[in-house]
Amino acid sequence: MKKLTAMLAALVMCTGLTACENEAETYTNYIQSVLDCTYRAEYDVYMKMTDSEQEDAEEVYQSQVDYVKELICYQNAVEIDYLSEETMDSYEELAIKLMDKLKYTVEPAVKSGDSYHITVNCEPIDFWDATYDEIIAFYDDGFSERYENAADEDERTALEEEYAAEVLKISEAALENPTYGEVQTKIVEITLDEDGLYGISDDDWVEIDDKLLNLSY
């Protein structure tokens with residue numbers, strides 16, 4: 001599936017900024033504001049730092065919601081094309097709940113040569129493993145046989161909805177009291193171009209997202 005668009009879009013919108021007098025504080029707040037906008041729908045600081053409009057910030061957040069929604073389906077073999085709008089709305093709500101449970105902290109920027117380094121502490125959420133066994137048990141306990149023996153497309157569509165509903169129920173329960181793995185750190189480097197515009201690399205944003213969502217590709 002297509003990898004992360006939300007924070008990459010945020011980076012593009014932030015490249016129009018120039019460093020303020022207190023560079024370390026500015027860079028720290030920049031990283032914090034992008035994360036908070038992306039995962040928490042907290043827009044005010046992000047909008048101020050990036051000189052963006054509310055709709056721009058909302059687009060960053062919604063892009064991440066869409067990505068996580070599709071990721072949940074992809075990871076659990078839920079076929080989106082078969083699902084009703086109501087079911088997809090429920091998966092969107094699940095994605096929002098998952099994003100709200102993600103844990104991260106941003107340490108103050110530190111001067112390193114001609115640049116600044118910022119440490120982002122990520123606590124990988126134990127979501128996929130927490131749901132895997134129960135989902136597989138449901139699938140193996142008669143569901144797979146029923147699906148293989150479906151008489152027609154209508155029956156298969158109904159079964160896809162049933163499977164999606166079960167995955168949703170198991171996933172929602174897992175998010176009630178999630179556990180987390182050992183903290184993983186990601187050190188990012190602020191880059192400046194010849195015009196004084198700054199940001200961090202696309203790969204850094206992707207790695208932060210993968211750590212938070214406990215993904216490995």
# chains A, B, ... in the order shown; residues from 1 in each chain; ligands from 1

call {"tool": "residues_around", "arguments": {"residues": "Glu23 (chain A)", "least_positions_apart": "6", "cutoff": "12 Å", "atoms": "only C-alpha atoms", "output": "list in words"}}
result
Leu17, Asn29, Tyr30, Pro108, Ala109, Val110, Lys111, Asp114, Ser115, Tyr116, His117, Ile118, Ile190, Leu192, Gly196 and Tyr198 of chain A

call {"tool": "select_by_dssp", "arguments": {"residues": "region 59-153 of chain A", "states": "helix (DSSP H, G or I)", "output": "PyMOL selection string"}}
result
chain A and resi 59-75+80-82+85-101+128-148+153

call {"tool": "residues_around", "arguments": {"residues": "region 34-49 of chain A", "least_positions_apart": "2", "cutoff": "7 Å", "atoms": "only C-alpha atoms", "output": "PyMOL selection string"}}
result
chain A and resi 6-7+10+30-32+51-54+57+60-61+64+99-100

call {"tool": "residues_around", "arguments": {"residues": "Ala130 (chain A)", "least_positions_apart": "2", "cutoff": "12 Å", "atoms": "only C-alpha atoms", "output": "MDAnalysis selection string"}}
result
chainID A and resid 125:128 132:136 167 170:181 214

call {"tool": "residues_around", "arguments": {"residues": "Lys211 (chain A)", "least_positions_apart": "6", "cutoff": "8 Å", "atoms": "only C-alpha atoms", "output": "ChimeraX atom specification"}}
result
/A:122-124,184

call {"tool": "write_last_selection", "arguments": {"atoms": "all heavy atoms", "output": "compact mmCIF listing (two decimals), in the first residue's frame"}}
result
# COMPACT_ATOMS: atom_id res chain seq x y z
N CYS A 122 9.70 7.61 20.70
CA CYS A 122 8.48 6.94 20.22
C CYS A 122 8.23 5.68 21.04
O CYS A 122 9.14 4.87 21.22
CB CYS A 122 8.63 6.55 18.75
SG CYS A 122 9.13 7.91 17.66
N GLU A 123 7.00 5.52 21.53
CA GLU A 123 6.61 4.29 22.22
C GLU A 123 5.77 3.46 21.27
O GLU A 123 4.59 3.79 21.03
CB GLU A 123 5.84 4.61 23.49
CG GLU A 123 6.65 5.36 24.54
CD GLU A 123 5.91 5.50 25.85
OE1 GLU A 123 5.29 4.51 26.31
OE2 GLU A 123 5.91 6.63 26.41
N PRO A 124 6.30 2.37 20.70
CA PRO A 124 5.54 1.57 19.73
C PRO A 124 4.31 0.94 20.37
O PRO A 124 4.42 0.25 21.38
CB PRO A 124 6.55 0.50 19.30
CG PRO A 124 7.89 1.03 19.70
CD PRO A 124 7.65 1.85 20.92
N GLN A 184 11.65 3.84 21.54
CA GLN A 184 12.62 3.91 20.45
C GLN A 184 12.87 5.37 20.12
O GLN A 184 11.93 6.15 20.03
CB GLN A 184 12.10 3.18 19.22
CG GLN A 184 11.87 1.69 19.43
CD GLN A 184 11.42 1.00 18.15
OE1 GLN A 184 11.61 1.52 17.06
NE2 GLN A 184 10.82 -0.16 18.29

call {"tool": "decode", "arguments": {"residues": "region 47-87 of chain A", "atoms": "N, CA and C atoms", "output": "short mmCIF file (atom, residue, chain, number, x, y, z; two decimals), in the first residue's frame"}}
result
data_model
loop_
_atom_site.label_atom_id
_atom_site.label_comp_id
_atom_site.auth_asym_id
_atom_site.auth_seq_id
_atom_site.Cartn_x
_atom_site.Cartn_y
_atom_site.Cartn_z
N MET A 47 -0.47 25.93 12.72
CA MET A 47 -0.89 26.99 11.81
C MET A 47 -0.03 28.24 11.98
N LYS A 48 0.29 28.55 13.22
CA LYS A 48 1.11 29.73 13.49
C LYS A 48 2.51 29.55 12.92
N MET A 49 3.09 28.37 13.13
CA MET A 49 4.47 28.16 12.70
C MET A 49 4.60 28.04 11.19
N THR A 50 3.58 27.49 10.56
CA THR A 50 3.66 27.27 9.12
C THR A 50 2.94 28.33 8.31
N ASP A 51 2.33 29.28 9.02
CA ASP A 51 1.55 30.32 8.35
C ASP A 51 0.52 29.71 7.42
N SER A 52 -0.17 28.68 7.93
CA SER A 52 -1.15 27.97 7.12
C SER A 52 -2.56 28.23 7.63
N GLU A 53 -3.53 27.87 6.82
CA GLU A 53 -4.94 28.05 7.17
C GLU A 53 -5.48 26.80 7.87
N GLN A 54 -6.63 26.95 8.50
CA GLN A 54 -7.26 25.83 9.20
C GLN A 54 -7.48 24.65 8.26
N GLU A 55 -7.92 24.92 7.06
CA GLU A 55 -8.19 23.82 6.13
C GLU A 55 -6.92 23.07 5.76
N ASP A 56 -5.79 23.76 5.73
CA ASP A 56 -4.52 23.10 5.44
C ASP A 56 -4.15 22.13 6.56
N ALA A 57 -4.30 22.60 7.79
CA ALA A 57 -3.99 21.75 8.94
C ALA A 57 -4.94 20.56 9.01
N GLU A 58 -6.21 20.81 8.74
CA GLU A 58 -7.19 19.72 8.76
C GLU A 58 -6.88 18.68 7.69
N GLU A 59 -6.35 19.13 6.57
CA GLU A 59 -5.99 18.20 5.51
C GLU A 59 -4.83 17.30 5.92
N VAL A 60 -3.87 17.86 6.64
CA VAL A 60 -2.77 17.05 7.15
C VAL A 60 -3.30 15.94 8.05
N TYR A 61 -4.17 16.32 8.99
CA TYR A 61 -4.73 15.34 9.92
C TYR A 61 -5.58 14.30 9.20
N GLN A 62 -6.44 14.75 8.31
CA GLN A 62 -7.34 13.82 7.61
C GLN A 62 -6.55 12.86 6.73
N SER A 63 -5.47 13.32 6.15
CA SER A 63 -4.63 12.43 5.35
C SER A 63 -4.08 11.29 6.19
N GLN A 64 -3.68 11.62 7.42
CA GLN A 64 -3.18 10.57 8.31
C GLN A 64 -4.29 9.63 8.75
N VAL A 65 -5.46 10.17 9.02
CA VAL A 65 -6.61 9.33 9.37
C VAL A 65 -6.89 8.34 8.25
N ASP A 66 -6.91 8.83 7.02
CA ASP A 66 -7.18 7.97 5.86
C ASP A 66 -6.11 6.88 5.73
N TYR A 67 -4.86 7.28 5.95
CA TYR A 67 -3.77 6.31 5.86
C TYR A 67 -3.91 5.22 6.92
N VAL A 68 -4.15 5.62 8.16
CA VAL A 68 -4.25 4.64 9.25
C VAL A 68 -5.48 3.74 9.06
N LYS A 69 -6.56 4.31 8.59
CA LYS A 69 -7.76 3.51 8.31
C LYS A 69 -7.45 2.42 7.29
N GLU A 70 -6.81 2.80 6.21
CA GLU A 70 -6.45 1.82 5.18
C GLU A 70 -5.41 0.84 5.69
N LEU A 71 -4.50 1.31 6.55
CA LEU A 71 -3.48 0.44 7.11
C LEU A 71 -4.11 -0.65 7.98
N ILE A 72 -5.08 -0.28 8.81
CA ILE A 72 -5.75 -1.27 9.65
C ILE A 72 -6.41 -2.34 8.79
N CYS A 73 -7.06 -1.90 7.74
CA CYS A 73 -7.71 -2.87 6.84
C CYS A 73 -6.68 -3.74 6.16
N TYR A 74 -5.62 -3.13 5.67
CA TYR A 74 -4.57 -3.87 4.96
C TYR A 74 -3.91 -4.90 5.86
N GLN A 75 -3.58 -4.51 7.06
CA GLN A 75 -2.89 -5.42 7.99
C GLN A 75 -3.75 -6.62 8.37
N ASN A 76 -5.07 -6.45 8.31
CA ASN A 76 -5.98 -7.50 8.75
C ASN A 76 -6.78 -8.14 7.62
N ALA A 77 -6.34 -7.89 6.38
CA ALA A 77 -6.98 -8.48 5.20
C ALA A 77 -8.46 -8.15 5.10
N VAL A 78 -8.81 -6.94 5.52
CA VAL A 78 -10.19 -6.45 5.35
C VAL A 78 -10.28 -5.81 3.97
N GLU A 79 -11.20 -6.31 3.15
CA GLU A 79 -11.32 -5.84 1.76
C GLU A 79 -12.22 -4.61 1.70
N ILE A 80 -11.60 -3.45 1.54
CA ILE A 80 -12.32 -2.18 1.57
C ILE A 80 -13.40 -2.11 0.49
N ASP A 81 -13.11 -2.66 -0.66
CA ASP A 81 -14.03 -2.53 -1.80
C ASP A 81 -15.39 -3.20 -1.54
N TYR A 82 -15.45 -4.09 -0.58
CA TYR A 82 -16.69 -4.80 -0.29
C TYR A 82 -17.51 -4.15 0.82
N LEU A 83 -16.96 -3.15 1.48
CA LEU A 83 -17.57 -2.65 2.70
C LEU A 83 -18.53 -1.49 2.46
N SER A 84 -19.51 -1.41 3.31
CA SER A 84 -20.49 -0.32 3.24
C SER A 84 -19.87 0.97 3.74
N GLU A 85 -20.51 2.08 3.41
CA GLU A 85 -20.04 3.38 3.88
C GLU A 85 -20.08 3.45 5.40
N GLU A 86 -21.09 2.85 5.99
CA GLU A 86 -21.22 2.85 7.45
C GLU A 86 -20.06 2.11 8.10
N THR A 87 -19.69 0.97 7.53
CA THR A 87 -18.57 0.21 8.08
C THR A 87 -17.27 0.98 7.94
#
